Amino acid sequence: MNNEHIPTIHDFDFDRICDYFLNFDRQGPGNEASTLRALQFIEGLSDSSRIADLGCGTGGQTITLARHAPGTITGVDLFPKFIDRLHANAAAFGLQDRVKGLAGDMAEPPFEEGSLDLIWSEGAIYHIGFQRGMKEWRRYLKSGGYIAVTENTWLTDERPKEIADFWNAAYPEIDTIPHKVAQVQAAGYLPVATFVLPETIWTDYYAAQERFLAQHPQPEAFTAAQRYERELYDKYQAYYGYAFYIAQRK
Ligand code: SAH
């Protein structure tokens, strides 16, 4: 099969993607246990800490952070509908005083330079690129502040052509953990921890999509794009996965 003719989800219009993903607790691969595991590496947070969650979606991980970390959290996402949902979710947990959502662009985060104790971003930094995000977001952190992001990552040095072609076309910055960690250091951080998220983040994510698609049929090309990505995962999961990268601004 020629990957160049297979659309990915990003080839569809924004409204469709937005309405589709509103139906899920999380819009990318990730789960509460992994968010909490990453949070354990963050030191020094207090009630006065300021945390940003960039590309927060409907706020699955934002709420987890707010429930387990002190301070105030601002979730930023391009889609106002996701921000509305974040506000509703925060209110449902009684967290409306500590969780705020802003519709905005992660390329221009709405924060003062040197004002944040922690920047969080799960399944989202690839929208502007890992290296660009790591470099540009650094200035919003206080000295000693932390960043924690997840990123699609090669797990081995070698890989079959079919999966290499797919991801190199969909996200050319995909790379191995050692290379990503070197990029983190080059961007001006002390790398603190890295871990690979469990396979269940993908299988749960694809299973939720299948349940939804069974009840709410989408255009065939859309469904086919989602299913193709899943087939590739079933076949090649030994070669790639999401990893957390946790680092501290020097
Ligand atoms: N962090 C959430 C959502 C991940 S999906 C989770 O893990 O469940 C990626 C999110 O990034 C989407 O909600 C999308 O709307 C958002 N996004 C994409 N480009 C963006 C940009 N330039 N600025 C802000 N958010 C963006």
# chains A, B, ... in the order shown; residues from 1 in each chain; ligands from 1

call {"tool": "select_by_dssp", "arguments": {"residues": "segment 20-230 of chain A", "states": "alpha helix (DSSP H)", "output": "number ranges by chain"}}
result
A: 20-21, 32-39, 60-68, 80-92, 130-137, 161-170, 177-186, 200-215, 220-230

call {"tool": "write_last_selection", "arguments": {"atoms": "C-alpha atoms", "output": "mmCIF file, in the first residue's frame"}}
result
data_model
loop_
_atom_site.group_PDB
_atom_site.id
_atom_site.type_symbol
_atom_site.label_atom_id
_atom_site.label_comp_id
_atom_site.auth_asym_id
_atom_site.auth_seq_id
_atom_site.Cartn_x
_atom_site.Cartn_y
_atom_site.Cartn_z
ATOM 1 C CA TYR A 20 -15.367 13.910 16.585
ATOM 2 C CA PHE A 21 -12.860 14.293 19.413
ATOM 3 C CA GLU A 32 -4.176 9.034 34.157
ATOM 4 C CA ALA A 33 -1.538 6.620 35.483
ATOM 5 C CA SER A 34 1.058 7.987 33.049
ATOM 6 C CA THR A 35 0.174 11.588 33.870
ATOM 7 C CA LEU A 36 0.624 10.800 37.569
ATOM 8 C CA ARG A 37 3.873 8.950 36.965
ATOM 9 C CA ALA A 38 5.278 11.986 35.145
ATOM 10 C CA LEU A 39 4.014 14.307 37.873
ATOM 11 C CA GLY A 60 -8.501 14.936 30.649
ATOM 12 C CA GLN A 61 -4.960 15.414 31.944
ATOM 13 C CA THR A 62 -5.612 19.006 33.076
ATOM 14 C CA ILE A 63 -8.149 17.748 35.604
ATOM 15 C CA THR A 64 -5.800 14.962 36.718
ATOM 16 C CA LEU A 65 -3.073 17.555 37.295
ATOM 17 C CA ALA A 66 -5.427 19.840 39.185
ATOM 18 C CA ARG A 67 -6.532 17.001 41.438
ATOM 19 C CA HIS A 68 -2.987 15.904 42.277
ATOM 20 C CA PRO A 80 -13.020 26.955 21.860
ATOM 21 C CA LYS A 81 -15.393 23.967 22.108
ATOM 22 C CA PHE A 82 -12.682 21.974 23.867
ATOM 23 C CA ILE A 83 -12.126 24.856 26.275
ATOM 24 C CA ASP A 84 -15.865 24.974 27.045
ATOM 25 C CA ARG A 85 -15.700 21.272 27.860
ATOM 26 C CA LEU A 86 -12.627 21.807 30.040
ATOM 27 C CA HIS A 87 -14.536 24.440 32.017
ATOM 28 C CA ALA A 88 -17.501 22.071 32.436
ATOM 29 C CA ASN A 89 -15.186 19.237 33.551
ATOM 30 C CA ALA A 90 -13.398 21.504 36.023
ATOM 31 C CA ALA A 91 -16.729 22.644 37.487
ATOM 32 C CA ALA A 92 -17.884 19.032 37.814
ATOM 33 C CA PHE A 130 9.106 18.941 19.388
ATOM 34 C CA GLN A 131 12.303 20.944 18.956
ATOM 35 C CA ARG A 132 10.517 24.199 18.226
ATOM 36 C CA GLY A 133 8.152 23.744 21.169
ATOM 37 C CA MET A 134 10.940 22.860 23.595
ATOM 38 C CA LYS A 135 12.991 25.869 22.511
ATOM 39 C CA GLU A 136 10.184 28.419 22.350
ATOM 40 C CA TRP A 137 8.298 27.389 25.488
ATOM 41 C CA LYS A 161 10.037 0.561 5.668
ATOM 42 C CA GLU A 162 6.232 0.618 5.780
ATOM 43 C CA ILE A 163 6.094 2.095 9.264
ATOM 44 C CA ALA A 164 9.125 4.318 8.693
ATOM 45 C CA ASP A 165 7.464 5.769 5.579
ATOM 46 C CA PHE A 166 4.143 6.310 7.353
ATOM 47 C CA TRP A 167 5.527 8.226 10.317
ATOM 48 C CA ASN A 168 8.210 10.070 8.382
ATOM 49 C CA ALA A 169 5.407 11.446 6.193
ATOM 50 C CA ALA A 170 2.962 12.090 9.060
ATOM 51 C CA ILE A 177 14.730 8.484 22.803
ATOM 52 C CA PRO A 178 18.499 9.247 22.878
ATOM 53 C CA HIS A 179 18.136 11.752 20.044
ATOM 54 C CA LYS A 180 15.114 13.405 21.656
ATOM 55 C CA VAL A 181 16.901 13.645 25.002
ATOM 56 C CA ALA A 182 19.883 15.276 23.264
ATOM 57 C CA GLN A 183 17.450 17.789 21.726
ATOM 58 C CA VAL A 184 15.987 18.509 25.157
ATOM 59 C CA GLN A 185 19.453 19.267 26.507
ATOM 60 C CA ALA A 186 20.360 21.364 23.450
ATOM 61 C CA THR A 200 -2.804 0.302 26.550
ATOM 62 C CA ILE A 201 -2.805 4.045 25.802
ATOM 63 C CA TRP A 202 -3.068 3.171 22.123
ATOM 64 C CA THR A 203 -5.316 0.148 22.426
ATOM 65 C CA ASP A 204 -7.726 2.035 24.741
ATOM 66 C CA TYR A 205 -7.708 5.027 22.420
ATOM 67 C CA TYR A 206 -8.413 2.988 19.304
ATOM 68 C CA ALA A 207 -11.047 0.886 21.110
ATOM 69 C CA ALA A 208 -12.898 4.045 22.217
ATOM 70 C CA GLN A 209 -12.843 5.265 18.634
ATOM 71 C CA GLU A 210 -14.165 1.955 17.328
ATOM 72 C CA ARG A 211 -17.039 2.007 19.832
ATOM 73 C CA PHE A 212 -17.912 5.507 18.751
ATOM 74 C CA LEU A 213 -17.591 4.809 15.014
ATOM 75 C CA ALA A 214 -19.878 1.780 15.345
ATOM 76 C CA GLN A 215 -22.657 4.049 16.609
ATOM 77 C CA GLU A 220 -15.542 6.432 4.735
ATOM 78 C CA ALA A 221 -12.215 8.169 4.112
ATOM 79 C CA PHE A 222 -12.195 9.454 7.687
ATOM 80 C CA THR A 223 -12.920 6.059 9.169
ATOM 81 C CA ALA A 224 -10.390 4.446 6.821
ATOM 82 C CA ALA A 225 -7.663 6.857 7.948
ATOM 83 C CA GLN A 226 -8.317 6.068 11.598
ATOM 84 C CA ARG A 227 -8.421 2.328 10.954
ATOM 85 C CA TYR A 228 -5.232 2.349 8.871
ATOM 86 C CA GLU A 229 -3.305 4.019 11.667
ATOM 87 C CA ARG A 230 -4.630 1.392 14.042
#

call {"tool": "residues_near_ligand", "arguments": {"ligand": "ligand 1", "cutoff": "8 Å", "atoms": "only C-alpha atoms and all ligand atoms", "output": "PyMOL selection string"}}
result
chain A and resi 18+25-30+53-62+76-79+82+103-108+121-125+127-128

call {"tool": "atom_distance", "arguments": {"atom1": "atom CA of Glu112 of chain A", "atom2": "atom CA of Ser48 of chain A"}}
result
15.6 Å

call {"tool": "residues_around", "arguments": {"residues": "Gly114 of chain A", "least_positions_apart": "3", "cutoff": "9 Å", "atoms": "only C-alpha atoms", "output": "MDAnalysis selection string"}}
result
chainID A and resid 111 117 138:143 145

call {"tool": "closest_residue", "arguments": {"among": "A:Ile17, A:Leu155, A:Leu116, A:Ile42", "to": "Ile246 of chain A", "atoms": "only C-alpha atoms"}}
result
A:Ile42

call {"tool": "closest_residue", "arguments": {"among": "A:Val196, A:Ala247, A:Leu102, A:Ile119", "to": "Asn152 of chain A", "atoms": "only C-alpha atoms"}}
result
A:Val196
